[in-house]
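Novice: The structure under discussion is supplied below as structure tokens; questions concerning it will follow.
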Amino acid sequence: MVGTPTNGRARLAFSVVNGGQELCLTSTPTSIAGSDYGGIEFTKEDVEALLNEKLKRKDRFNLKEKCDNMVEYIKKLKQCIKWFQELEYSYLLEQKKLQDELESSEIKFSEMEMIVKKKEEELNSIVVELRKNNAFLQEKFSKEESDKLAAVESLTKEKEARLIMERSQASAFEELARAQRELSSANQKISSLNEMYKRLQDYITSLQQYNGKLHTELSTAEDDLKRVEKEKAAMVEDLGMIKGELALSKASQDEAVKQKDAMMNEVMCLRREIQQVRDDRDRQLSLVQNLSDEVEKCRESTGKYCEELNEMKEKTNELEATCSSQSIELRTLQNHLAAAENKLQVSDLTAMETMHEFEDQKRLVRELQQRLADAENKLMEGEKLRKKLHNTILELKGNIRVFCRVRPLLPDERSSPEGNFISYPSSVESLGRGIDLVQNGQRHSFTYDKVFAPEATQEDVFVEISQLVQSALDGYKVCIFAYGQTSSGKTYTMMGRPGLLEEKGLIPRSLEQIFQTRQSLQLQGWKYEMQVSMLEIYNETIYDLLSTNRTAPDVLRSENGSPIKPYAIKHDASGNTQVSDLTIVDVRSAREVSFLLEQASRSRSVGKTQMNEQSSRSHFVFTLKISGINESTDQQVQGILNLIDLAGSERLSKSGSTGDRLKETQAINRSLSSLSDVIFALAKKKEHVPFRNSKLTYLLQPCLGGDSKTLMFVNISPDSSSASESLCSLRFAARVNACEIGTPRRLTNTQP
């Protein structure tokens with residue numbers, strides 16, 4: 001976790017310490033009267049010279065001279081920071097003034113806009129009403145005109161229909177007379193046919209009588225024939241004479257049958273003619289009846305048309321009178337419309353004047369917004385420079401940086417009845433860096449390097465530490481660890497939530513940035529090799545999270561089951577730390593590291609308590625060793641990135657731990673208590689620092705007492721029931737922030 005020192009190293013400029021970003025001062029700020037440093041002004045050249053100034057040392061072993069030079073340099077930096085704070089305060093005052101002017105202008109603008117809108121609405125309503133009246137009158141006039149035209153057209157149509165009816169009535173009378181004449185002739189034909197029919201019936205009866213007579217004669221002839229046959233023998237001589245008579249009778253009979261058939265055919269023809277005559281008579285009678293009905297209907301419709309014609313004449317007179325009155329009203333409304341249009345033109349002129357005033361106000365608002373944006377840009381530049389100077393002072397002092405993060409309230413939690421017991425001051429000195437906690441009516445105020453409110457996202461948090469992670473590629477030893485009570489959000493801050501890209505933690509984001517930066521540095525001739533190791537400290541026992549053998553803690557076993565040797569923490573003379581027999585994996589991409597992280601997460605010890613469903617029961621240590629070489633310059637760098645998720649402190653009365661959970665809680669609290677003892681000894685600058693009291697502090701010795709860049713995240717729960725634990729965490733973080741561990745060194749050398 002610690003690299004080799006480099007002797008005779010000159011102090012780096014702020015552009016190198018902060019990842020190569022330079023702050024440009026656009027103008028020379030004026031001094032502020034009445035301040036402690038009111039007579040001192042700093043220009044861009046002064047600030048750059050101050051940042052690039054090198055300490056002059058005649059004797060490199062004269063520590064007193066070095067300390068005096070350092071104190072004087074820090075005093076200059078404090079003067080510069082104080083001057084920038086006063087300048088920032090003046091910018092804030094100007095910004096507030098501009099915001100007030102902007103708000104007043106916006107209020108005037110909104111009032112003017114409301115007045116214009118009201119006038120426009122009134123004029124629009126008047127115009128709409130006049131247009132509606134005009135449209136209604138025009139529609140009414142057009143409707144009456146159309147009614148009048150329709151009435152005239154209906155009158156002409158009725159006249160034409162009347163003429164047509166008179167003509168049709170005359171033709172109907174003519175057809176009726178013709179039908180009557182045809183009916184009389186048909187009746188005469190019918191009477192003559194009836195007489196003929198009677199005669200035919202008489203003739204048929206006479207033929208029937210004759211036929212009956214012939215039948216009787218035939219029967220008598222047959223009787224005679226029978227008698228003749230009986231008397232055949234006696235009357236052979238008379239047979240010829242009888243046969244001749246018989247042949248004559250048969251011939252006469254055939255003639256009679258033929259006459260009968262002819263008479264029957266004639267009778268059938270007469271019957272068909274009679275039926276046809278009857279049908280003609282019925283058709284003529286129905287035609288006469290229809291013509292009579294039509295004549296009656298024509299008479300009735302003629303009367304109705306006459307009545308309707310009289311009514312239409314009356315309506316036409318009324319419509320003409322109404323049309324004349326409507327014409328008068330239309331002329332008056334046209335006069336009113338002309339007057340309204342004149343008023344509308346006047347109101348348009350007023351509206352144009354108002355619009356010109358509105359444009360002037362908008363132009364003024366834009367100017368104020370531009371001035372406000374310029375002031376905000378100046379404020380941001382001053383804030384960036386303040387951060388650079390502050391980081392430089394911290395690096396020169398060797399202090400541990402501390403970030404505080406407050407997690408959001410969970411659905412099953414509730415805030416205190418008196419209100420939220422955590423607040424954030426809004427003063428210039430504490431904005432974004434201060435936090436206040438109220439307990440038992442007493443307010444406790446703390447100031448750190450950065451404070452994240454509950455609404456801060458994972459991206460917001462990572463942006464603040466991205467330059468620190470970049471330092472690992474530049475050859476520094478970097479350590480970031482999360483501290484806080486259980487269920488305060490430490491693991492979420494470091495690891496994030498699996499499966500959600502927007503909620504990735506600091507460890508995945510740091511690895512992504514490192515591998516992306518490695519790709520960009522390859523164009524400059526840099527080649528990097530990276531190695532990953534992961535371990536956890538569980539009940540003061542080291543576990544290798546990347547090892548496949550997890551059966552026996554703290555002891556490695558051979559294939560036959562015999563113990564080999566335990567994991568041991570070793571620090572060499574150069575400040576490097578190694579854990580014996582720990583699995584180290586070469587990695588080439590962020591995906592490989594993500595796979596190893598998932599494997600380690602599955603192997604890590606977690607448990608359920610009354611305060612957390614999945615509480616981390618061990619300290620998790622992720623180490624990334626970076627070795628880089630630039631083939632063009634033969635420069636080598638060695639950096640180390642340590643990302644640590646500490647187990648959460650908890651009280652037995654709240655967690656309700658028993659059995660194995662009780663042992664875990666006791667081991668966690670002992671290791672965190674040892675960490676507190678180490679921090680207390682460093683803050684008091686004691687000669688002996690108890691790093692060996694626990695494996696956690698002994699593993700963190702290069703980070704807490706060496707030359708690395710160290711950052712601690714203190715995680716706070718906003719639950720009112722955890723106020724006392726939150727206060728203890730904030731106090732511990734304040735002590736950590738006051739510790740001086742030494743100036744960080746960059747581990748570089750030149751390839752022989």
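By convention in this document, the chains of the structure tokens carry letters A, B, ... by their order, each chain's residues are numbered from 1, and ligands are numbered from 1 in the order they are shown.
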Hey, what does DSSP flag as strand (DSSP E) within stretch 293-431 of chain A? Can you give it to me as a VMD selection string?
Specialist: chain A and resid 401 to 406 422 to 423
Novice: Extract the full set of helix (DSSP H, G or I) residues from stretch 437-650 of chain A according to DSSP on the backbone, and format it as a PyMOL selection string.
Specialist: chain A and resi 458-473+490-495+501-503+506-524+590-603
Novice: For atom CA of A:Ala221 and atom CA of A:Glu255, quote the distance in Å rounded to one decimal.
Specialist: 17.4 Å
Novice: Can you measure atom CA of A:Glu144 to atom CA of A:Cys323 for me? One decimal in Å is fine.
Specialist: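 Atom CA of A:Cys323 lies at a distance of 7.1 Å from atom CA of A:Glu144.
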Novice: Which residues are near stretch 543-548 of chain A? Cut-off 8 Å, only C-alpha atoms, ignore same chain within fewer than 3 positions. Put them as a VMD selection string.
Specialist: chain A and resid 533 to 538 553 to 554 582 to 583 596 599 to 600 603 to 604
Novice: For the selection just defined, write its residues with all heavy atoms to a file, as a compact mmCIF listing (two decimals), in the first residue's frame.
Specialist:
```
# COMPACT_ATOMS: atom_id res chain seq x y z
N SER A 533 -5.92 -7.26 -5.42
CA SER A 533 -6.07 -8.20 -4.29
C SER A 533 -7.21 -7.70 -3.43
O SER A 533 -7.45 -6.49 -3.32
CB SER A 533 -4.79 -8.31 -3.48
OG SER A 533 -4.47 -7.06 -2.89
N MET A 534 -7.92 -8.64 -2.80
CA MET A 534 -9.06 -8.30 -1.95
C MET A 534 -9.02 -9.21 -0.72
O MET A 534 -8.82 -10.42 -0.83
CB MET A 534 -10.39 -8.50 -2.68
CG MET A 534 -10.54 -7.69 -3.94
SD MET A 534 -12.14 -7.91 -4.73
CE MET A 534 -11.73 -7.48 -6.42
N LEU A 535 -9.23 -8.59 0.44
CA LEU A 535 -9.27 -9.35 1.68
C LEU A 535 -10.30 -8.74 2.60
O LEU A 535 -10.76 -7.61 2.40
CB LEU A 535 -7.89 -9.40 2.34
CG LEU A 535 -7.25 -8.07 2.77
CD1 LEU A 535 -7.66 -7.68 4.19
CD2 LEU A 535 -5.73 -8.16 2.69
N GLU A 536 -10.67 -9.50 3.63
CA GLU A 536 -11.54 -8.99 4.68
C GLU A 536 -10.95 -9.39 6.03
O GLU A 536 -10.28 -10.42 6.16
CB GLU A 536 -12.96 -9.54 4.54
CG GLU A 536 -13.11 -11.01 4.83
CD GLU A 536 -14.56 -11.44 4.88
OE1 GLU A 536 -15.42 -10.56 4.84
OE2 GLU A 536 -14.81 -12.66 4.97
N ILE A 537 -11.21 -8.54 7.01
CA ILE A 537 -10.80 -8.82 8.39
C ILE A 537 -12.06 -9.13 9.17
O ILE A 537 -12.87 -8.23 9.44
CB ILE A 537 -10.03 -7.63 9.00
CG1 ILE A 537 -8.80 -7.32 8.15
CG2 ILE A 537 -9.63 -7.93 10.43
CD1 ILE A 537 -8.04 -6.09 8.61
N TYR A 538 -12.25 -10.38 9.52
CA TYR A 538 -13.45 -10.86 10.19
C TYR A 538 -13.05 -11.48 11.53
O TYR A 538 -12.27 -12.46 11.57
CB TYR A 538 -14.16 -11.89 9.31
CG TYR A 538 -15.36 -12.56 9.95
CD1 TYR A 538 -16.54 -11.87 10.13
CD2 TYR A 538 -15.29 -13.89 10.37
CE1 TYR A 538 -17.64 -12.48 10.71
CE2 TYR A 538 -16.38 -14.51 10.94
CZ TYR A 538 -17.56 -13.80 11.12
OH TYR A 538 -18.64 -14.40 11.70
N PRO A 553 -10.27 -20.24 8.50
CA PRO A 553 -9.87 -18.85 8.52
C PRO A 553 -8.45 -18.68 9.03
O PRO A 553 -7.99 -19.41 9.91
CB PRO A 553 -10.88 -18.20 9.45
CG PRO A 553 -11.30 -19.29 10.36
CD PRO A 553 -11.25 -20.54 9.57
N ASP A 554 -7.77 -17.70 8.48
CA ASP A 554 -6.47 -17.25 8.96
C ASP A 554 -5.37 -18.29 8.75
O ASP A 554 -4.25 -18.09 9.18
CB ASP A 554 -6.55 -16.88 10.44
CG ASP A 554 -5.49 -15.87 10.80
OD1 ASP A 554 -5.06 -15.15 9.88
OD2 ASP A 554 -5.08 -15.81 11.97
N LEU A 582 -1.17 -13.87 -0.05
CA LEU A 582 -2.45 -13.31 -0.52
C LEU A 582 -2.55 -13.46 -2.04
O LEU A 582 -1.57 -13.25 -2.76
CB LEU A 582 -2.57 -11.84 -0.12
CG LEU A 582 -3.92 -11.17 -0.33
CD1 LEU A 582 -4.96 -11.77 0.63
CD2 LEU A 582 -3.82 -9.67 -0.10
N THR A 583 -3.73 -13.82 -2.52
CA THR A 583 -3.94 -14.00 -3.96
C THR A 583 -3.91 -12.65 -4.66
O THR A 583 -4.64 -11.72 -4.30
CB THR A 583 -5.28 -14.69 -4.23
OG1 THR A 583 -5.31 -15.94 -3.53
CG2 THR A 583 -5.48 -14.92 -5.72
N LEU A 596 -14.23 -9.99 -10.44
CA LEU A 596 -13.58 -10.30 -9.16
C LEU A 596 -14.33 -9.66 -8.00
O LEU A 596 -14.44 -10.25 -6.91
CB LEU A 596 -12.13 -9.81 -9.19
CG LEU A 596 -11.21 -10.51 -10.22
CD1 LEU A 596 -9.84 -9.86 -10.21
CD2 LEU A 596 -11.10 -12.00 -9.92
N GLN A 599 -17.25 -11.81 -7.19
CA GLN A 599 -16.81 -13.01 -6.47
C GLN A 599 -16.50 -12.67 -5.01
O GLN A 599 -16.88 -13.41 -4.09
CB GLN A 599 -15.56 -13.58 -7.16
CG GLN A 599 -14.96 -14.80 -6.47
CD GLN A 599 -13.70 -15.27 -7.16
OE1 GLN A 599 -13.40 -14.86 -8.28
NE2 GLN A 599 -12.96 -16.12 -6.50
N ALA A 600 -15.84 -11.54 -4.77
CA ALA A 600 -15.52 -11.15 -3.40
C ALA A 600 -16.77 -10.80 -2.61
O ALA A 600 -16.87 -11.10 -1.41
CB ALA A 600 -14.56 -9.96 -3.42
N SER A 603 -18.33 -13.82 -1.28
CA SER A 603 -17.55 -14.46 -0.23
C SER A 603 -17.50 -13.66 1.05
O SER A 603 -17.10 -14.19 2.09
CB SER A 603 -16.11 -14.70 -0.73
OG SER A 603 -16.10 -15.49 -1.90
N ARG A 604 -17.90 -12.38 1.00
CA ARG A 604 -17.78 -11.53 2.18
C ARG A 604 -18.80 -11.92 3.24
O ARG A 604 -19.91 -12.36 2.94
CB ARG A 604 -17.96 -10.06 1.79
CG ARG A 604 -17.62 -9.10 2.91
CD ARG A 604 -17.79 -7.66 2.50
NE ARG A 604 -17.49 -6.76 3.59
CZ ARG A 604 -17.68 -5.46 3.58
NH1 ARG A 604 -18.18 -4.89 2.49
NH2 ARG A 604 -17.39 -4.71 4.64
```
Novice: Need to verify the contact set: A:Arg735, 8 Å, only C-alpha atoms, exclusion of same-chain residues closer than 5 positions in sequence. Can you return it as an mmCIF file with all heavy atoms, in the first residue's frame?
Specialist:
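Output saved as selection_1.cif:
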```
data_model
loop_
_atom_site.group_PDB
_atom_site.id
_atom_site.type_symbol
_atom_site.label_atom_id
_atom_site.label_comp_id
_atom_site.auth_asym_id
_atom_site.auth_seq_id
_atom_site.Cartn_x
_atom_site.Cartn_y
_atom_site.Cartn_z
ATOM 1 N N ILE A 679 -5.937 7.357 15.873
ATOM 2 C CA ILE A 679 -6.232 8.727 15.450
ATOM 3 C C ILE A 679 -5.959 9.699 16.591
ATOM 4 O O ILE A 679 -5.399 10.795 16.393
ATOM 5 C CB ILE A 679 -7.692 8.831 14.968
ATOM 6 C CG1 ILE A 679 -7.908 7.957 13.719
ATOM 7 C CG2 ILE A 679 -8.083 10.268 14.679
ATOM 8 C CD1 ILE A 679 -7.076 8.352 12.531
ATOM 9 N N PHE A 680 -6.328 9.333 17.819
ATOM 10 C CA PHE A 680 -6.098 10.209 18.980
ATOM 11 C C PHE A 680 -4.600 10.419 19.194
ATOM 12 O O PHE A 680 -4.142 11.534 19.474
ATOM 13 C CB PHE A 680 -6.742 9.585 20.222
ATOM 14 C CG PHE A 680 -6.648 10.437 21.449
ATOM 15 C CD1 PHE A 680 -7.460 11.538 21.616
ATOM 16 C CD2 PHE A 680 -5.701 10.150 22.437
ATOM 17 C CE1 PHE A 680 -7.361 12.332 22.754
ATOM 18 C CE2 PHE A 680 -5.603 10.940 23.574
ATOM 19 C CZ PHE A 680 -6.431 12.035 23.737
ATOM 20 N N ALA A 683 -3.314 12.736 16.490
ATOM 21 C CA ALA A 683 -3.735 14.116 16.717
ATOM 22 C C ALA A 683 -2.909 14.765 17.819
ATOM 23 O O ALA A 683 -2.585 15.958 17.754
ATOM 24 C CB ALA A 683 -5.221 14.160 17.049
#
```
Novice: Please provide as a list in words all residues within 8 Å of stretch 105-108 of chain A, with the sequence filter that same-chain residues fewer than 5 positions apart are discarded (counting only C-alpha atoms).
Specialist: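 Counting only the stated atoms, we get Gln361, Leu364 and Val365 of chain A.
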Novice: For those residues, write N, CA, C and O atoms to a file as a compact mmCIF listing (two decimals), in the first residue's frame.
Specialist:
```txt
# COMPACT_ATOMS: atom_id res chain seq x y z
N GLN A 361 -38.03 45.81 -21.40
CA GLN A 361 -37.88 45.10 -20.13
C GLN A 361 -37.17 43.76 -20.34
O GLN A 361 -36.33 43.35 -19.53
N LEU A 364 -33.55 44.36 -20.75
CA LEU A 364 -32.94 44.64 -19.45
C LEU A 364 -32.76 43.36 -18.63
O LEU A 364 -31.73 43.15 -17.99
N VAL A 365 -33.77 42.47 -18.69
CA VAL A 365 -33.67 41.20 -17.97
C VAL A 365 -32.53 40.35 -18.51
O VAL A 365 -31.78 39.73 -17.75
```
Novice: Return the single residue from A:Leu50, A:Val277, A:Leu473, A:Ile514 that is closest to A:Leu183, with distances computed using only C-alpha atoms.
Specialist: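 Using only C-alpha atoms, A:Leu183 sits closest to A:Val277.
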Novice: Which residues, written as a PDB file with C-alpha atoms, in the first residue's frame, have at least one atom at most 9 Å from A:Ser488, with only C-alpha atoms counted and residues fewer than 6 positions away on the same chain left out?
Specialist:
```pdb
ATOM      1  CA  VAL A 406     -25.808  11.892   4.903  1.00  0.00           C
ATOM      2  CA  ARG A 407     -28.000   9.173   3.438  1.00  0.00           C
ATOM      3  CA  GLY A 648     -20.258  -0.451  10.982  1.00  0.00           C
ATOM      4  CA  ASN A 715     -21.453   8.217   6.673  1.00  0.00           C
ATOM      5  CA  ILE A 716     -24.334   9.566   8.756  1.00  0.00           C
ATOM      6  CA  SER A 717     -27.854   8.195   9.289  1.00  0.00           C
ATOM      7  CA  PRO A 718     -30.626  10.865   9.377  1.00  0.00           C
TER       8      PRO A 718
END
```
Novice: Find the residue from A:Gln439, A:Gln253, A:Asn737, A:Ser146 that sits nearest to A:Asn420; use only C-alpha atoms when measuring.
Specialist: A:Gln439
Novice: Find the spatial neighbours of A:Leu643, counting only C-alpha atoms, within a cut-off of 7 Å - ignore same-chain residues fewer than 6 positions away - and output them as a JSON list (two decimals) with C-alpha atoms, in the first residue's frame.
Specialist:
```json
[["chain", "number", "residue", "atom", "x", "y", "z"],
["A", 479, "CYS", "CA", -6.34, 5.44, 0.42],
["A", 480, "ILE", "CA", -10.10, 6.01, 0.64],
["A", 481, "PHE", "CA", -12.07, 4.37, 3.44],
["A", 507, "ILE", "CA", -14.96, 1.36, -6.37],
["A", 621, "VAL", "CA", -9.95, -3.95, 1.75],
["A", 622, "PHE", "CA", -9.57, -3.58, -2.03],
["A", 623, "THR", "CA", -6.01, -2.92, -3.28]]
```
Novice: Could you tell me how far atom CA of A:Ser327 sits from atom CA of A:Leu123, in Å to one decimal place?
Specialist: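 Value for the atom CA of A:Leu123-atom CA of A:Ser327 distance: 27.5 Å.
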